[in-house]
Amino acid sequence: MDIKKVAVIGSGVMGSGIAAQLTNAGIPVVLLDIKVEGKDLAAEAVQKMLKTDPAPFMLPGNARLIETGTIDDDLDKIADCDWIVEVVLEKLEIKHATYEKIEKARKKGSIVSSNTSTIPLHKLIEGQPDSFAKDFMITHFFNPPRYMRLLELVVGEKTNKDAAKTIEEFCDVRLGKGVVRTNDTPGFIANRLGVFWLTAGVNEAIKQDISIEVADAVMSKPVGIPKTGVFALIDLVGIDLMPKLSESLLSTLPEKDAYRDIFEDYKFIHGMIEAGYTGRKGKGGFYRLNPDAPKGVKEKQALAIDPSKFDEAQYGASEKKIAAADPAVSAGRKGIRAVVETDSDGGKYAWEVLKQTLTYAAELVGEIADTIHDIDEGMKLGYNWKKGPFEMLDDLGPAWFAAKIKEEGMDVPEIFAKVGDGTFYKVEDEALQYLGTDGKYHKVIRPDGVLLLSDIKLSSEPVLKNGSASVWDIGDGVLCFEKHSKMNTFDEQIFELLVKTKKLIEKEDDYKALVVYNEASHFSAGANLGLALFMVNIAMYPQVEEFVRTGQKVYTDLKFANFPMVSAPSGMALGGGCEILLCADAVQAHAETYTGLVEVGVGVIPGWGGCKEMILRYREREKAKFKKDMDKIGKDNIWFSPDTTPMGAVREAFQTIGMATVAKSAFEAQKIGYFRHTDGVTMNRDRLLYDAKQKALGLAKDYTPPEKAENIRMPGPAGKAALDLAVSDLRKSGKATPYDVVVSGHLAHVLSGGDTDYTQDMSEDDLLKLEVSQFMDLLRNPGTLARIEHMLDNGKPLRN
């Protein structure tokens with residue numbers, strides 16, 4: 001069965017978010033909500049999402065795929081839907097009433113699922129007919145549905161296996177979710193463990209009387225958990241949500257569950273909610289901005305917890321730097337065990353929270369999921385932990401952990417007897433294996449179409465390697481170039497290895513294509529700004545210029561090599577990281593790719609071919625549009641063409657680069673022009689390398705390198721004058737700073753072709769020479785150095 005149309009019942013934050021993600025996959029959606037006099041809740045939810053940041057829609061136009069209505073008047077619209085997702089209030093009686101209406105209106109064989117976060121499936125289908133139960137399952141998305149990768153899938157004894165497989169594959173491939181099958185238990189995997197961990201985190205901070213900032217400083221990056229830690233995460237999800245999650249769990253958990261033992265119904269939490277301090281969506285939470293700070297000044301404050309009451313007077317100035325000085329924070333560089341063994345407030349806190357959380361996870365093996373691997377995947381995908389509980393235990397040492405909790409008087413879960421002196425994971429027969437509940441090791445099975453570099457590394461050595469990059473053989477004659485410098489920024493070593501990689505592919509018959517890819521959070525932040533600033537500060541201008549020219553040559557040589565190169569980005573691909581996408585034969589991008597030429601923010605212009613490539617991209621697009629328009633009106637030959645009026649492409653490139661436009665998705669990158677419409681988009685991050693490899697293999701068949709453009713017509717000084725005038729108007733209106741005008745002038749010089757005019761042909765090499773000269777002129781300007789220093793110190797552009 002194919003999923004071609006979906007209905008979502010309930011247009012709250014989760015329901016509307018699920019609807020948006022479905023449209024991101026190109027799926028039409030019927031979004032229904034209850035009838036309220038004078039309101040159209042579903043339509044209002046769609047309009048609200050169009051103003052939300054971060055955006056639920058990958059393109060604003062996707063909203064047109066949503067048809068809205070009410071359950072009372074428009075339920076007949078679900079009759080042609082293949083999948084119906086219920087996202088109504090977490091009250092069993094409301095869900096049951098909704099199911100009765102759905103059952104009457106849906107077509108035979110359509111799939112129905114609930115997005116419940118805590119209610120077990122067997123309770124949801126109580127009293128429902130078998131015809132409903134066999135088509136029913138739980139699909140628990142995490143908020144926000146576009147950005148959170150986890151989808152917990154729960155099926156019942158009566159659930160049709162084919163229906164479950166259809167939803168699993170659809171959510172994986174089309175929606176980009178990491179689908180984890182969980183057992184039918186309260187809270188499933190992620191919230192069962194996650195709520196326990198958050199509760200333990202709050203309890204121990206109060207018990208040990210340490211600040212929330214120390215707690216968050218240590219219970220975050222030092223132990224492989226996002227920087228929000230415990231308290232900032234509660235602020236993010238909403239303080240008012242926590243009592244609701246607790247209430248739901250407590251109503252369904254087994255009587256002897258450990259969560260019942262640690263749960264505390266704190267008065268100060270209720271006081272915060274009543275006072276409107278519900279977290280980021282309210283007046284503040286555990287953290288807030290000082291309301292009495294001078295206008296325009298953002299001064300962060302932290303709450304000093306009094307468990308007996310909440311009072312706004314309990315907020316004090318942030319002591320983040322003091323918290324970060326706790327020895328346990330820096331111990332994180334040595335690993336999680338070093339953190340929990342540190343004799344400091346942070347170290348003691350980390351041990352107590354992790355001791356309880358990891359023990360709880362070990363107790364739940366076989367109950368909440370069939371394997372430890374499923375539990376680990378649930379926490380990594382749902383809470384963005386770098387490692388799951390059992391991977392953490394391997395880092396701590398399972399035998400050490402078991403002995404320590406026993407020494408402290410805790411019961412040791414049965415799974416520790418099975419692992420003994422070993423580890424929960426091991427590599428054997430060139431494959432990752434996990435310890436099963438039967439005491440035996442089992443191979444981690446990846447779905448078809450999933451290829452991970454991390455798996456390849458388990459059974460092979462790099463073909464080439466240096467300190468900043470590695471080259472891996474990913475099979476079928478395709479090599480993978482992986483950057484691993486800080487933020488995957490480009491340096492001399494990366495260029496050196498790219499040169500060696502090109503020579504290797506051209507020399508060896510065994511290799512025929514290259515994929516540029518990595519599995520870090522971000523593809524590349526561009527050039528190494530710190531290195532560039534260092535070189536400029538000691539007047540190494542010739543060396544900087546040589547570095548820029550080297551980058552141009554490497555990118556150009558790759559573009560015109562006798563083999564295809566596919567760039568496969570995910571996360572940020574900025575500056576030079578965007579330019580290597582532009583010079584590739586094709587791009588296979590993860591949907592969540594954020595790319596752009598942002599160099600003007602640090603006072604320079606793209607120097608590795610970005611200006612040239614954007615001119616060529618926009619000329620190519622103009623020609624295609626021109627041909628399409630001419631075909632429509634039936635004219636074969638007229639005097640006008642994009643080549644005779646070159647300002648269109650120049651203006652577009654100037655606006656895109658001059659505004660440092662960043663695409664917020666791969667689809668937006670296609671619209672802007674960073675990607676071609678023939679470039680591919682992969683929704684699931686784990687499928688990106690496989691898809692890129694397939695694209696490379698397809699290109700390798702009868703591959704012919706592109707020809708260098710030699711007949712580029714540019715407007716010259718007249719074109720630059722027009723661009724300068726536009727910037728002057730922006731300056732007068734206050735939308736451009738004085739130094740924006742300076743940088744834009746250099747950019748306009750390149751994009752207009754320098755001193756040429758539109759009767760002269762320019763080559764790609766001519767444009768590259770202009771890029772270098774203008775880049776170096778800017779780099780010698782104090783205004784540029786100020787921008788670079790400010791970016792390195794503050795992480796945001798200087799508006800000088």
# chains A, B, ... in the order shown; residues from 1 in each chain; ligands from 1

$ select_by_dssp --residues "segment 131-224 of chain A" --states "helix (DSSP H, G or I)" --output "PyMOL selection string"
chain A and resi 131-133+161-174+190-208+212-218+221-223

$ select_by_dssp --residues "segment 316-439 of chain A" --states "strand (DSSP E or B)" --output "list in words"
Gly316, Ala317, Val365, Ala369, Tyr425, Lys426, Val427, Glu428, Ala431, Leu432, Gln433, Tyr434 and Leu435 of chain A

$ closest_atom_pairs --of "segment 133-167 of chain A" --to "segment 47-53 of chain A" --cutoff "12 Å" --atoms "only C-alpha atoms" --output "Markdown table"
| residue | atom | partner | partner_atom | distance |
| --- | --- | --- | --- | --- |
| A:Pro144 | CA | A:Asp53 | CA | 11.0 |
| A:Arg146 | CA | A:Met49 | CA | 11.8 |
| A:Tyr147 | CA | A:Asp53 | CA | 11.9 |

$ write_last_selection --atoms "C-alpha atoms" --output "CSV table (one decimal), in the first residue's frame"
chain,number,residue,atom,x,y,z
A,144,PRO,CA,9.2,19.7,16.7
A,146,ARG,CA,10.4,18.4,11.3
A,147,TYR,CA,13.6,18.5,13.4

$ residues_around --residues "segment 489-502 of chain A" --least-positions-apart "6" --cutoff "7 Å" --atoms "only C-alpha atoms" --output "PDB file with C-alpha atoms, in the first residue's frame"
ATOM      1  CA  ASN A 466      46.151  13.107   7.177  1.00  0.00           C
ATOM      2  CA  SER A 468      42.329  16.947   8.709  1.00  0.00           C
ATOM      3  CA  ALA A 469      40.715  14.406   6.389  1.00  0.00           C
ATOM      4  CA  SER A 524      31.539  22.418   6.814  1.00  0.00           C
ATOM      5  CA  ALA A 525      31.703  25.908   8.287  1.00  0.00           C
ATOM      6  CA  GLY A 526      33.960  27.015   5.407  1.00  0.00           C
ATOM      7  CA  ALA A 527      37.501  28.338   5.717  1.00  0.00           C
ATOM      8  CA  ASN A 528      39.446  28.225   8.975  1.00  0.00           C
ATOM      9  CA  GLY A 551      41.443  26.442  -3.049  1.00  0.00           C
ATOM     10  CA  VAL A 554      41.613  22.361  -6.258  1.00  0.00           C
TER      11      VAL A 554
END

$ residues_around --residues "segment 198-205 of chain A" --least-positions-apart "5" --cutoff "6 Å" --atoms "only C-alpha atoms" --output "list in words"
Ile210, Val230 and Val353 of chain A

$ residues_around --residues "segment 71-88 of chain A" --least-positions-apart "5" --cutoff "8 Å" --atoms "only C-alpha atoms" --output "VMD selection string"
chain A and resid 2 to 12 14 to 15 30 32 to 35 94 to 95 102 105 to 107 109 to 116

$ write_last_selection --atoms "C-alpha atoms" --output "compact mmCIF listing (two decimals), in the first residue's frame"
# COMPACT_ATOMS: atom_id res chain seq x y z
CA ASP A 2 1.31 3.48 -0.90
CA ILE A 3 0.70 6.47 1.32
CA LYS A 4 -0.53 9.17 -1.07
CA LYS A 5 -2.72 11.29 1.21
CA VAL A 6 -2.86 11.68 4.98
CA ALA A 7 -5.37 13.09 7.46
CA VAL A 8 -4.26 14.62 10.76
CA ILE A 9 -6.92 14.96 13.45
CA GLY A 10 -5.94 17.72 15.86
CA SER A 11 -4.17 20.94 14.84
CA GLY A 12 -2.25 21.78 18.00
CA MET A 14 2.13 18.51 17.38
CA GLY A 15 -0.71 17.89 14.94
CA VAL A 30 -6.32 17.02 5.49
CA LEU A 32 -9.07 18.80 11.04
CA ASP A 33 -9.85 20.11 14.51
CA ILE A 34 -12.88 20.66 16.72
CA LYS A 35 -15.50 23.22 15.79
CA ILE A 94 -11.63 11.94 24.02
CA LYS A 95 -9.49 9.59 21.95
CA ILE A 102 -12.95 8.01 12.33
CA ALA A 105 -15.72 7.87 7.88
CA ARG A 106 -12.50 6.14 6.83
CA LYS A 107 -12.09 3.85 3.85
CA GLY A 109 -7.86 -0.73 4.85
CA SER A 110 -6.73 2.78 5.69
CA ILE A 111 -4.22 2.95 8.53
CA VAL A 112 -5.01 4.76 11.77
CA SER A 113 -2.41 5.76 14.35
CA SER A 114 -2.17 7.79 17.53
CA ASN A 115 0.58 10.24 18.42
CA THR A 116 0.07 9.59 22.13

$ closest_residue --among "A:Val536, A:Val750, A:Ala726, A:Ile368" --to "Met614 of chain A" --atoms "only C-alpha atoms"
A:Val750

$ residues_around --residues "Leu175 of chain A" --least-positions-apart "4" --cutoff "8 Å" --atoms "only C-alpha atoms" --output "ChimeraX atom specification"
/A:21-22,24-25,170-171,683-684

$ write_last_selection --atoms "all heavy atoms" --output "short mmCIF file (atom, residue, chain, number, x, y, z; two decimals), in the first residue's frame"
data_model
loop_
_atom_site.label_atom_id
_atom_site.label_comp_id
_atom_site.auth_asym_id
_atom_site.auth_seq_id
_atom_site.Cartn_x
_atom_site.Cartn_y
_atom_site.Cartn_z
N GLN A 21 5.37 18.42 8.24
CA GLN A 21 6.43 17.50 7.80
C GLN A 21 5.94 16.59 6.68
O GLN A 21 6.71 16.24 5.78
CB GLN A 21 6.94 16.67 8.99
CG GLN A 21 8.09 15.72 8.67
CD GLN A 21 9.36 16.42 8.21
OE1 GLN A 21 9.43 17.64 8.14
NE2 GLN A 21 10.36 15.64 7.88
N LEU A 22 4.68 16.23 6.71
CA LEU A 22 4.12 15.43 5.62
C LEU A 22 4.16 16.22 4.31
O LEU A 22 4.50 15.68 3.26
CB LEU A 22 2.68 15.03 5.95
CG LEU A 22 2.54 13.91 7.00
CD1 LEU A 22 1.14 13.93 7.61
CD2 LEU A 22 2.82 12.54 6.38
N ASN A 24 6.31 18.50 3.63
CA ASN A 24 7.72 18.59 3.25
C ASN A 24 8.12 17.39 2.40
O ASN A 24 9.06 17.47 1.60
CB ASN A 24 8.61 18.67 4.49
CG ASN A 24 8.44 19.98 5.24
OD1 ASN A 24 8.05 21.00 4.65
ND2 ASN A 24 8.71 19.98 6.53
N ALA A 25 7.39 16.29 2.59
CA ALA A 25 7.64 15.09 1.78
C ALA A 25 6.77 15.07 0.52
O ALA A 25 6.76 14.09 -0.23
CB ALA A 25 7.35 13.83 2.62
N PHE A 170 7.53 4.21 5.23
CA PHE A 170 7.14 5.56 4.83
C PHE A 170 7.77 6.61 5.75
O PHE A 170 8.33 7.62 5.29
CB PHE A 170 5.62 5.70 4.85
CG PHE A 170 5.12 7.08 4.50
CD1 PHE A 170 5.00 7.46 3.18
CD2 PHE A 170 4.79 7.98 5.50
CE1 PHE A 170 4.54 8.74 2.85
CE2 PHE A 170 4.33 9.25 5.19
CZ PHE A 170 4.22 9.63 3.86
N CYS A 171 7.69 6.38 7.05
CA CYS A 171 8.24 7.34 8.01
C CYS A 171 9.76 7.41 7.92
O CYS A 171 10.36 8.47 8.13
CB CYS A 171 7.80 6.99 9.43
SG CYS A 171 6.03 7.23 9.71
N MET A 683 15.65 12.54 2.67
CA MET A 683 14.97 12.95 3.90
C MET A 683 15.61 12.34 5.15
O MET A 683 15.69 12.98 6.18
CB MET A 683 13.50 12.56 3.83
CG MET A 683 12.70 13.31 2.77
SD MET A 683 12.57 15.08 3.07
CE MET A 683 11.34 15.12 4.39
N ASN A 684 16.07 11.10 5.04
CA ASN A 684 16.64 10.42 6.21
C ASN A 684 18.16 10.52 6.18
O ASN A 684 18.81 10.07 5.25
CB ASN A 684 16.22 8.95 6.25
CG ASN A 684 16.55 8.29 7.58
OD1 ASN A 684 17.59 8.54 8.18
ND2 ASN A 684 15.66 7.44 8.06
#

$ residues_around --residues "Val340 of chain A" --least-positions-apart "3" --cutoff "9 Å" --atoms "only C-alpha atoms" --output "ChimeraX atom specification"
/A:328,331,336-337,343,346-352,354

$ write_last_selection --atoms "N, CA and C atoms" --output "PDB file, in the first residue's frame"
ATOM      1  N   ALA A 328      34.631  19.047  36.972  1.00  0.00           N
ATOM      2  CA  ALA A 328      33.952  17.958  36.260  1.00  0.00           C
ATOM      3  C   ALA A 328      33.638  18.336  34.818  1.00  0.00           C
ATOM      4  N   ALA A 331      36.726  17.805  32.856  1.00  0.00           N
ATOM      5  CA  ALA A 331      37.038  16.366  32.874  1.00  0.00           C
ATOM      6  C   ALA A 331      36.345  15.633  31.737  1.00  0.00           C
ATOM      7  N   ILE A 336      33.402  10.140  30.054  1.00  0.00           N
ATOM      8  CA  ILE A 336      32.336  10.208  31.052  1.00  0.00           C
ATOM      9  C   ILE A 336      32.775   9.683  32.417  1.00  0.00           C
ATOM     10  N   ARG A 337      33.660   8.697  32.417  1.00  0.00           N
ATOM     11  CA  ARG A 337      34.091   8.165  33.715  1.00  0.00           C
ATOM     12  C   ARG A 337      34.896   9.196  34.484  1.00  0.00           C
ATOM     13  N   ASP A 343      36.016  14.775  42.085  1.00  0.00           N
ATOM     14  CA  ASP A 343      35.574  15.133  43.437  1.00  0.00           C
ATOM     15  C   ASP A 343      35.231  16.620  43.475  1.00  0.00           C
ATOM     16  N   GLY A 346      30.022  19.311  40.741  1.00  0.00           N
ATOM     17  CA  GLY A 346      29.551  18.820  39.454  1.00  0.00           C
ATOM     18  C   GLY A 346      29.758  17.331  39.285  1.00  0.00           C
ATOM     19  N   GLY A 347      30.896  16.822  39.734  1.00  0.00           N
ATOM     20  CA  GLY A 347      31.188  15.399  39.614  1.00  0.00           C
ATOM     21  C   GLY A 347      30.230  14.552  40.437  1.00  0.00           C
ATOM     22  N   LYS A 348      29.953  14.995  41.658  1.00  0.00           N
ATOM     23  CA  LYS A 348      29.031  14.260  42.526  1.00  0.00           C
ATOM     24  C   LYS A 348      27.619  14.278  41.953  1.00  0.00           C
ATOM     25  N   TYR A 349      27.232  15.433  41.420  1.00  0.00           N
ATOM     26  CA  TYR A 349      25.906  15.563  40.812  1.00  0.00           C
ATOM     27  C   TYR A 349      25.783  14.632  39.610  1.00  0.00           C
ATOM     28  N   ALA A 350      26.793  14.649  38.751  1.00  0.00           N
ATOM     29  CA  ALA A 350      26.759  13.816  37.542  1.00  0.00           C
ATOM     30  C   ALA A 350      26.638  12.347  37.912  1.00  0.00           C
ATOM     31  N   TRP A 351      27.395  11.910  38.904  1.00  0.00           N
ATOM     32  CA  TRP A 351      27.337  10.505  39.291  1.00  0.00           C
ATOM     33  C   TRP A 351      25.953  10.126  39.800  1.00  0.00           C
ATOM     34  N   GLU A 352      25.390  10.928  40.676  1.00  0.00           N
ATOM     35  CA  GLU A 352      24.100  10.575  41.263  1.00  0.00           C
ATOM     36  C   GLU A 352      22.997  10.509  40.198  1.00  0.00           C
ATOM     37  N   LEU A 354      23.369  10.100  36.817  1.00  0.00           N
ATOM     38  CA  LEU A 354      23.620   9.020  35.853  1.00  0.00           C
ATOM     39  C   LEU A 354      23.495   7.651  36.503  1.00  0.00           C
TER      40      LEU A 354
END

$ atom_distance --atom1 "atom CA of Leu770 of chain A" --atom2 "atom CA of His746 of chain A"
9.5 Å

$ closest_residue --among "A:Gly795, A:Gly420, A:Gly61, A:Pro307" --to "Pro398 of chain A" --atoms "only C-alpha atoms"
A:Gly420
